[in-house]
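This is protein.cif. It holds mmCIF, C-alpha atoms.
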data_protein
loop_
_atom_site.label_atom_id
_atom_site.label_comp_id
_atom_site.auth_asym_id
_atom_site.auth_seq_id
_atom_site.Cartn_x
_atom_site.Cartn_y
_atom_site.Cartn_z
CA MET A 692 0.00 0.00 0.00
CA ASN A 693 1.20 3.47 -0.89
CA HIS A 694 2.85 4.93 2.18
CA GLY A 695 2.13 8.52 1.12
CA THR A 696 -1.61 7.89 0.92
CA VAL A 697 -1.65 6.44 4.46
CA LYS A 698 0.13 9.52 5.78
CA GLN A 699 -2.15 11.94 3.91
CA ALA A 700 -5.25 10.11 5.11
CA PHE A 701 -3.94 10.10 8.69
CA ILE A 702 -3.31 13.86 8.60
CA LYS A 703 -6.77 14.42 7.14
CA SER A 704 -8.31 12.37 9.97
CA LEU A 705 -6.47 14.19 12.78
CA PRO A 706 -9.18 16.82 13.38
CA VAL A 707 -11.59 14.01 14.24
CA MET A 708 -9.19 12.16 16.55
CA ALA A 709 -9.56 14.22 19.73
CA GLY A 710 -13.30 14.57 19.39
CA TYR A 711 -13.94 10.89 18.71
CA ILE A 712 -11.70 9.67 21.49
CA VAL A 713 -13.30 12.05 23.99
CA LEU A 714 -16.89 11.38 22.89
CA GLY A 715 -16.07 7.66 22.72
CA ILE A 716 -14.77 7.77 26.30
CA GLY A 717 -17.99 9.50 27.35
CA PHE A 718 -20.01 6.76 25.68
CA GLY A 719 -17.95 3.98 27.30
CA ILE A 720 -18.35 5.52 30.76
CA LEU A 721 -22.13 5.96 30.40
CA LEU A 722 -22.57 2.46 29.05
CA ARG A 723 -20.59 0.99 31.94
CA THR A 724 -22.66 3.02 34.41
CA ALA A 725 -25.77 1.50 32.82
CA GLY A 726 -24.33 -1.95 33.54
CA TYR A 727 -22.81 -2.94 30.20
CA GLY A 728 -19.07 -3.55 30.05
CA VAL A 729 -16.25 -3.31 27.58
CA LEU A 730 -17.43 -5.99 25.16
CA TRP A 731 -20.67 -4.06 24.71
CA ALA A 732 -18.86 -0.76 24.20
CA PHE A 733 -16.57 -2.39 21.65
CA SER A 734 -19.36 -4.15 19.73
CA MET A 735 -21.68 -1.16 19.61
CA SER A 736 -18.91 1.12 18.38
CA VAL A 737 -17.75 -1.36 15.76
CA PHE A 738 -21.19 -2.28 14.42
CA ILE A 739 -23.58 0.62 14.99
CA TYR A 740 -20.87 3.26 14.60
CA ALA A 741 -23.14 6.28 14.89
CA GLY A 742 -22.25 8.54 17.81
CA SER A 743 -25.50 10.15 18.85
CA MET A 744 -27.45 6.95 18.19
CA GLN A 745 -25.18 5.02 20.53
CA TYR A 746 -25.77 7.55 23.31
CA VAL A 747 -29.52 7.20 22.75
CA GLY A 748 -29.06 3.43 22.51
CA ILE A 749 -27.77 3.22 26.08
CA GLY A 750 -31.18 4.33 27.29
CA LEU A 751 -32.98 1.91 24.99
CA ILE A 752 -30.91 -1.07 26.12
CA ALA A 753 -30.92 -0.20 29.81
CA GLY A 754 -34.65 0.52 29.74
CA GLY A 755 -35.48 -2.69 27.88
CA ALA A 756 -37.16 -0.89 24.98
CA SER A 757 -39.22 -2.82 22.43
CA ILE A 758 -37.89 -3.73 19.01
CA ILE A 759 -40.38 -1.39 17.31
CA THR A 760 -39.40 1.54 19.54
CA THR A 761 -35.75 0.84 18.83
CA MET A 762 -36.36 0.72 15.08
CA LEU A 763 -38.34 3.95 15.03
CA THR A 764 -35.88 5.77 17.28
CA THR A 765 -32.97 4.71 15.09
CA LEU A 766 -34.84 5.85 11.98
CA MET A 767 -35.50 9.27 13.50
CA VAL A 768 -32.06 9.84 14.98
CA ASN A 769 -30.18 8.60 11.92
CA ALA A 770 -32.40 9.84 9.08
CA ARG A 771 -29.77 12.42 8.18
CA HIS A 772 -27.53 9.61 6.96
CA LEU A 773 -29.82 9.31 3.94
CA PHE A 774 -28.67 12.79 3.02
CA TYR A 775 -25.00 12.01 3.42
CA SER A 776 -25.36 9.00 1.18
CA ILE A 777 -27.32 10.90 -1.46
CA SER A 778 -24.59 13.48 -1.73
CA MET A 779 -21.87 10.83 -1.96
CA ILE A 780 -23.52 8.68 -4.69
CA ASP A 781 -21.38 10.05 -7.49
CA ARG A 782 -18.15 10.32 -5.49
CA TYR A 783 -18.27 6.75 -4.23
CA LYS A 784 -19.33 5.34 -7.60
CA SER A 785 -15.84 4.30 -8.68
CA ALA A 786 -14.60 3.18 -5.24
CA GLY A 787 -14.73 -0.53 -6.16
CA ASN A 788 -14.07 -2.90 -3.26
CA TYR A 789 -13.83 -0.01 -0.81
CA LYS A 790 -17.39 1.11 -1.52
CA PRO A 791 -19.35 -1.02 1.00
CA TYR A 792 -17.10 0.03 3.88
CA LEU A 793 -17.12 3.67 2.77
CA ILE A 794 -20.93 3.66 2.89
CA PHE A 795 -21.05 1.79 6.20
CA ALA A 796 -18.60 4.21 7.85
CA LEU A 797 -20.17 7.47 6.66
CA THR A 798 -20.64 9.26 10.00
CA ASP A 799 -21.24 13.00 10.47
CA GLU A 800 -17.55 13.60 11.06
CA THR A 801 -16.27 11.43 8.21
CA TYR A 802 -18.80 13.09 5.97
CA SER A 803 -17.57 16.55 6.96
CA LEU A 804 -14.00 15.53 6.08
CA LEU A 805 -14.84 13.91 2.74
CA CYS A 806 -17.80 15.90 1.38
CA ASP A 807 -15.65 18.56 -0.26
CA GLY A 808 -14.51 15.80 -2.67
CA LYS A 809 -10.85 16.81 -2.50
CA VAL A 810 -8.23 14.08 -2.79
CA PRO A 811 -4.51 14.84 -2.54
CA GLY A 812 -2.74 14.87 -5.94
CA GLU A 813 -1.57 11.39 -6.83
CA ALA A 814 -3.57 9.39 -4.26
CA ASP A 815 -6.15 6.80 -5.31
CA ALA A 816 -9.46 8.38 -4.28
CA GLY A 817 -11.10 5.15 -3.09
CA ARG A 818 -8.13 4.07 -1.00
CA TYR A 819 -7.62 7.54 0.47
CA ARG A 820 -11.29 7.83 1.51
CA PHE A 821 -11.22 4.27 2.84
CA LEU A 822 -8.24 5.07 5.05
CA VAL A 823 -9.73 8.33 6.37
CA SER A 824 -12.94 6.43 7.23
CA LEU A 825 -11.01 3.58 8.85
CA PHE A 826 -8.84 5.89 10.99
CA ASN A 827 -11.96 7.64 12.26
CA HIS A 828 -13.64 4.32 13.05
CA CYS A 829 -10.55 3.26 15.02
CA TYR A 830 -10.56 6.48 17.08
CA TRP A 831 -14.20 5.95 17.96
CA VAL A 832 -13.76 2.31 18.98
CA THR A 833 -10.57 3.13 20.93
CA GLY A 834 -12.31 5.93 22.82
CA SER A 835 -15.27 3.72 23.75
CA VAL A 836 -13.01 0.96 25.03
CA ILE A 837 -10.86 3.40 27.04
CA GLY A 838 -13.97 4.94 28.57
CA SER A 839 -15.38 1.57 29.48
CA LEU A 840 -12.11 0.37 31.06
CA LEU A 841 -10.87 3.50 32.80
CA GLY A 842 -14.20 4.99 33.77
CA THR A 843 -13.88 8.33 35.46
CA VAL A 844 -10.20 8.24 36.49
CA ILE A 845 -8.96 10.84 34.01
CA PRO A 846 -6.27 13.03 35.60
CA PHE A 847 -7.16 16.49 34.26
CA SER A 848 -10.35 18.39 33.67
CA THR A 849 -11.59 17.67 30.17
CA LYS A 850 -14.66 19.82 30.70
CA GLY A 851 -15.52 21.49 27.42
CA ILE A 852 -13.39 19.26 25.20
CA GLU A 853 -16.58 18.11 23.48
CA PHE A 854 -16.49 21.51 21.77
CA SER A 855 -13.94 19.99 19.38
CA MET A 856 -16.84 18.42 17.46
CA THR A 857 -18.56 21.79 17.10
CA ALA A 858 -15.21 23.26 16.06
CA LEU A 859 -14.80 20.53 13.43
CA PHE A 860 -18.11 21.39 11.79
CA VAL A 861 -17.49 25.14 12.04
CA ALA A 862 -14.06 24.71 10.42
CA SER A 863 -15.58 22.58 7.60
CA PHE A 864 -18.31 25.15 7.10
CA THR A 865 -15.84 28.04 6.96
CA GLU A 866 -13.58 26.20 4.54
CA GLN A 867 -16.51 25.44 2.23
CA TRP A 868 -17.67 29.02 2.44
CA LEU A 869 -14.23 30.26 1.42
CA THR A 870 -13.98 27.72 -1.43
CA ASP A 871 -17.53 27.99 -2.86
CA LYS A 872 -18.41 30.83 -5.17
CA ASP A 873 -22.09 30.22 -4.53
CA HIS A 874 -23.23 30.66 -0.93
CA ILE A 875 -26.91 29.87 -1.37
CA PRO A 876 -26.70 26.21 -0.20
CA ALA A 877 -24.73 27.17 2.93
CA LEU A 878 -27.20 29.94 3.76
CA VAL A 879 -30.15 27.61 3.11
CA GLY A 880 -28.65 25.16 5.64
CA ILE A 881 -28.09 27.75 8.37
CA ILE A 882 -31.37 29.63 7.93
CA SER A 883 -33.55 26.48 7.63
CA SER A 884 -31.95 25.07 10.79
CA LEU A 885 -32.53 28.28 12.74
CA ILE A 886 -36.15 28.54 11.62
CA CYS A 887 -36.88 24.91 12.56
CA LEU A 888 -34.95 25.20 15.84
CA LEU A 889 -37.17 28.14 16.84
CA ILE A 890 -40.39 26.38 15.80
CA PHE A 891 -39.74 22.77 16.87
CA GLY A 892 -37.16 23.15 19.65
CA PRO A 893 -33.75 21.51 20.10
CA GLU A 894 -35.02 17.94 20.56
CA ARG A 895 -36.96 17.53 17.33
CA PHE A 896 -35.82 20.06 14.75
CA LEU A 897 -33.53 17.87 12.63
CA ILE A 898 -36.11 16.12 10.48
CA PRO A 899 -38.15 19.26 9.73
CA THR A 900 -34.86 21.00 8.92
CA MET A 901 -33.90 18.32 6.41
CA LEU A 902 -37.28 18.62 4.73
CA LEU A 903 -37.05 22.41 4.61
CA ILE A 904 -33.49 22.27 3.20
CA THR A 905 -34.64 19.88 0.46
CA LEU A 906 -37.62 22.07 -0.35
CA ALA A 907 -35.58 25.29 -0.46
CA LEU A 908 -32.82 23.76 -2.59
CA THR A 909 -35.45 22.38 -4.95
CA ILE A 910 -36.95 25.85 -5.32
CA PHE A 911 -33.49 27.29 -5.99
CA ARG A 912 -32.61 24.55 -8.45
CA ARG A 913 -33.29 26.45 -11.66
CA ARG A 914 -31.26 29.41 -10.49
CA GLU A 915 -28.41 27.24 -9.18
CA GLU A 916 -28.14 25.13 -12.30
CA SER A 917 -28.12 28.10 -14.64
CA ALA A 918 -25.43 29.68 -12.44
CA SER A 919 -23.09 26.68 -12.68
CA MET B 1207 -30.28 -11.44 25.15
CA ARG B 1208 -32.77 -8.66 24.56
CA ALA B 1209 -29.89 -6.15 24.53
CA VAL B 1210 -28.14 -8.16 21.82
CA ILE B 1211 -31.26 -7.99 19.67
CA LEU B 1212 -31.62 -4.25 20.23
CA VAL B 1213 -27.99 -3.63 19.27
CA ALA B 1214 -28.58 -5.73 16.13
CA VAL B 1215 -31.71 -3.69 15.30
CA MET B 1216 -29.85 -0.38 15.72
CA THR B 1217 -27.04 -1.71 13.54
CA ALA B 1218 -29.39 -2.95 10.83
CA VAL B 1219 -31.48 0.23 10.64
CA THR B 1220 -28.37 2.45 10.55
CA ILE B 1221 -26.84 0.34 7.77
CA LEU B 1222 -30.12 0.40 5.86
CA LEU B 1223 -30.26 4.22 6.01
CA ARG B 1224 -26.68 4.54 4.84
CA PHE B 1225 -27.04 2.06 1.96
CA LEU B 1226 -30.56 2.89 0.77
CA PRO B 1227 -29.72 5.80 -1.58
CA PHE B 1228 -26.92 3.78 -3.16
CA LEU B 1229 -29.28 0.84 -3.76
CA VAL B 1230 -32.14 2.96 -5.09
CA PHE B 1231 -29.97 4.95 -7.51
CA ARG B 1232 -27.74 2.09 -8.51
CA GLU B 1233 -28.14 2.29 -12.28
CA ARG B 1234 -28.06 5.95 -13.08
CA THR B 1235 -28.28 9.01 -10.86
CA PRO B 1236 -31.31 11.14 -11.83
CA ARG B 1237 -30.35 14.76 -12.52
CA TYR B 1238 -32.35 16.01 -9.55
CA ILE B 1239 -30.48 13.68 -7.17
CA ALA B 1240 -27.15 14.64 -8.75
CA TYR B 1241 -28.08 18.29 -8.17
CA LEU B 1242 -28.94 17.57 -4.51
CA GLY B 1243 -25.64 15.72 -4.16
CA LYS B 1244 -23.85 18.84 -5.30
CA VAL B 1245 -25.63 21.42 -3.12
CA LEU B 1246 -26.45 19.35 -0.01
CA PRO B 1247 -22.95 19.19 1.57
CA SER B 1248 -22.73 22.93 2.32
CA ALA B 1249 -26.33 23.02 3.58
CA ILE B 1250 -25.89 19.95 5.81
CA ILE B 1251 -22.65 21.17 7.35
CA GLY B 1252 -24.55 24.37 8.16
CA MET B 1253 -27.25 22.26 9.81
CA LEU B 1254 -24.63 20.34 11.84
CA VAL B 1255 -23.14 23.62 13.09
CA ILE B 1256 -26.56 24.73 14.36
CA TYR B 1257 -27.18 21.22 15.73
CA CYS B 1258 -24.00 21.43 17.82
CA LEU B 1259 -24.93 24.87 19.13
CA LYS B 1260 -28.61 24.01 19.74
CA ASP B 1261 -28.33 23.77 23.53
CA MET B 1262 -26.55 27.08 23.90
CA ASN B 1263 -28.30 29.15 26.56
CA ILE B 1264 -28.54 32.78 25.48
CA THR B 1265 -31.01 33.94 28.10
CA GLU B 1266 -28.83 33.50 31.20
CA ALA B 1267 -25.24 34.48 32.01
CA PRO B 1268 -22.83 33.93 30.28
CA PHE B 1269 -25.34 34.25 27.40
CA GLY B 1270 -23.70 31.67 25.17
CA LEU B 1271 -20.50 33.72 25.08
CA PRO B 1272 -18.13 30.73 25.44
CA GLU B 1273 -19.74 29.03 22.43
CA LEU B 1274 -19.88 32.23 20.38
CA LEU B 1275 -16.28 33.20 21.15
CA GLY B 1276 -15.04 29.65 20.51
CA THR B 1277 -16.91 29.58 17.21
CA ALA B 1278 -15.57 33.01 16.20
CA CYS B 1279 -12.08 31.82 17.02
CA VAL B 1280 -12.48 28.74 14.76
CA ILE B 1281 -13.81 30.87 11.89
CA GLY B 1282 -11.00 33.42 12.27
CA LEU B 1283 -8.25 30.80 12.43
CA GLN B 1284 -9.68 28.89 9.47
CA ALA B 1285 -9.96 32.03 7.33
CA TRP B 1286 -6.39 32.98 8.29
CA LYS B 1287 -4.50 29.67 8.17
CA ARG B 1288 -6.86 27.41 6.16
CA ASN B 1289 -5.77 24.51 8.38
CA ALA B 1290 -8.55 22.55 10.13
CA ILE B 1291 -6.31 21.10 12.86
CA ILE B 1292 -5.09 24.55 13.96
CA SER B 1293 -8.64 25.96 13.90
CA ILE B 1294 -10.11 23.09 15.91
CA LEU B 1295 -7.33 23.02 18.50
CA GLY B 1296 -7.38 26.81 18.88
CA GLY B 1297 -11.16 27.06 19.17
CA THR B 1298 -11.41 24.15 21.61
CA ILE B 1299 -8.64 25.48 23.87
CA VAL B 1300 -10.28 28.92 23.93
CA TYR B 1301 -13.65 27.34 24.77
CA MET B 1302 -12.19 25.14 27.53
CA LEU B 1303 -10.37 28.09 29.08
CA LEU B 1304 -13.54 30.17 28.91
CA ILE B 1305 -15.72 27.64 30.71
CA GLN B 1306 -13.07 26.40 33.16
CA VAL B 1307 -11.39 29.67 34.07
CA VAL B 1308 -13.26 32.77 32.89
CA PHE B 1309 -17.00 32.05 33.14
CA ILE B 1310 -17.12 29.67 36.09
#
Would you write the structure of this file as structure tokens?
Amino acid sequence: MNHGTVKQAFIKSLPVMAGYIVLGIGFGILLRTAGYGVLWAFSMSVFIYAGSMQYVGIGLIAGGASIITTMLTTLMVNARHLFYSISMIDRYKSAGNYKPYLIFALTDETYSLLCDGKVPGEADAGRYRFLVSLFNHCYWVTGSVIGSLLGTVIPFSTKGIEFSMTALFVASFTEQWLTDKDHIPALVGIISSLICLLIFGPERFLIPTMLLITLALTIFRRREESAS
Amino acid sequence: MRAVILVAVMTAVTILLRFLPFLVFRERTPRYIAYLGKVLPSAIIGMLVIYCLKDMNITEAPFGLPELLGTACVIGLQAWKRNAIISILGGTIVYMLLIQVVFI
């Protein structure tokens, strides 16, 4: 395997490392508190591999939720993944053997790293994206296992370190804003989210927001396509 | 045993959501979907930013200042250096200092 591609993918994945390890530790600790040990933390992070869903999942498992409730909750919490996949259809088309894993591992954070479509010069796009996705997955699993094993004995105050996830999205947003000539999609995203947050509140605004974004972008389609 | 089933259900539904668009548009991507694929990334990243800041409390002291200053710091660093690692580290350190030292 090309050594340069591994290094480039690793550097690309670094912004996610701190956030995933910290959030993974948080997940491992909570899951242990709910009575499920390291094998559970490891399995959930390997197989489900969806951060917010796993946090919600702790409650479902510990509370003995029904299968239907679990299905519906997962559909609601993870519906946004449909959007990530839709926007990656063309990019992942030629990824060959890497494609199934790339789709499986498309989390919010991996999406934010790969959605600009940039691949360093000579690297094979499929392999590069595969490695970025794999590194992120490893950080998440590592964090969960550390959290489950070490629990709360962390020597310094990490209060506020979860802001690194917010910072990751803000940095991606800023970079896209500086790169894009057309700012309508970015503005549609921000304004739709704010409108739906005000109307529906922080717990249930994501799905209405996704619908509003789709509607607004559909309305703008003619204008956008003639512009590009 | 029940927990094993629930973990399997969460895994299956998440995989289904991630794979569904690829299965539905396997042959040829309709132009409308290709258009959405092009414009959605910027819009969704915008949504994720708001999602992360959704629990910010602007009605009581410190009025969301740590989040706003941390966010401003990330934007400034990114516009200046164009390096995500620097922006994220800088913004996170500023935020941690603000909530641990300044606005206690």
Item checked: Atomic distance atom CA of A:Ala796 - atom CA of A:Ser824, expressed in Å with one decimal ->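 That distance, rounded to one decimal, is 6.1 Å.
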Check: Any chance you could work out the residue set of the PyMOL selection byres ((chain A and resi 704-718) around 9) here, as a PyMOL selection string?
Finding: (chain A and resi 699-703+719-723+732+736+742+745-746+749+800-801+804+822-824+826-828+830-839+841-842+849+852-856+859) or (chain B and resi 1290-1292+1294-1295)
Next item on the list: Counting only C-alpha atoms, figure out which residue out of B:Leu1304, B:Ile1250, B:Leu1222, B:Val1230 gets nearest to B:Gly1270.
Entry: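 Result for the nearest residue to B:Gly1270: B:Leu1304.
With all atoms listed in the file as the basis for measurement, B:Lys1244 is the residue among B:Met1207, B:Lys1244, B:Arg1237, B:Leu1223 that approaches A:Met779 most closely.
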Next item on the list: Using the chain letters and residue numbers of this document, give as a ChimeraX atom specification the residues selected by the PyMOL selection byres ((chain A and resi 783) around 12).
Entry: /A:775-782,784-795,797,805-806,808,816-821 /B:1225,1227-1228,1232,1243
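When the distance limit is 12 Å and only C-alpha atoms are what count, the residues near B:Trp1286, minus those fewer than 5 positions from it on the same chain, are Ala862, Thr865, Glu866 and Leu869 of chain A; Cys1279, Val1280, Ile1281, Ile1292 and Ser1293 of chain B.
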Notebook entry, point to check: Between A:Thr857, A:Thr798, A:Ser863, A:Thr909, which has the minimum distance to B:Cys1258 (counting all atoms listed in the file)?
Noted result: A:Thr857
Margin query: With distances taken over only C-alpha atoms, which residue among B:Leu1283, B:Thr1298, B:Leu1274, B:Ala1267 lies nearest chain A?
Written below: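 That would be B:Thr1298, the residue with the smallest distance to chain A.
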Next item on the list: Please measure the separation of atom CA of A:Leu889 and atom CA of A:Met744, giving the value in Å to one decimal.
Entry: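 That distance, rounded to one decimal, is 23.4 Å.
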Notebook entry, point to check: Is there a way to get, as an NGL selection string, all residues within 10 Å of the point (-36.6, 15.3, 11.7) in file coordinates, counting all atoms listed in the file?
Noted result: :A and (766-771 or 887 or 891 or 894-902)
Item checked: Residues matched by the PyMOL selection byres ((chain A and resi 755) around 12) as a list in words ->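 Applying the PyMOL selection byres ((chain A and resi 755) around 12) to the structure shown produces Ala725, Gly748, Ile749, Gly750, Leu751, Ile752, Ala753, Gly754, Ala756, Ser757, Ile758, Ile759, Thr760 and Thr761 of chain A; Met1207, Arg1208, Ala1209, Val1210, Ile1211, Leu1212 and Val1213 of chain B.
One finds atom CA of B:Lys1287 at 20.8 Å from atom CA of A:His874.
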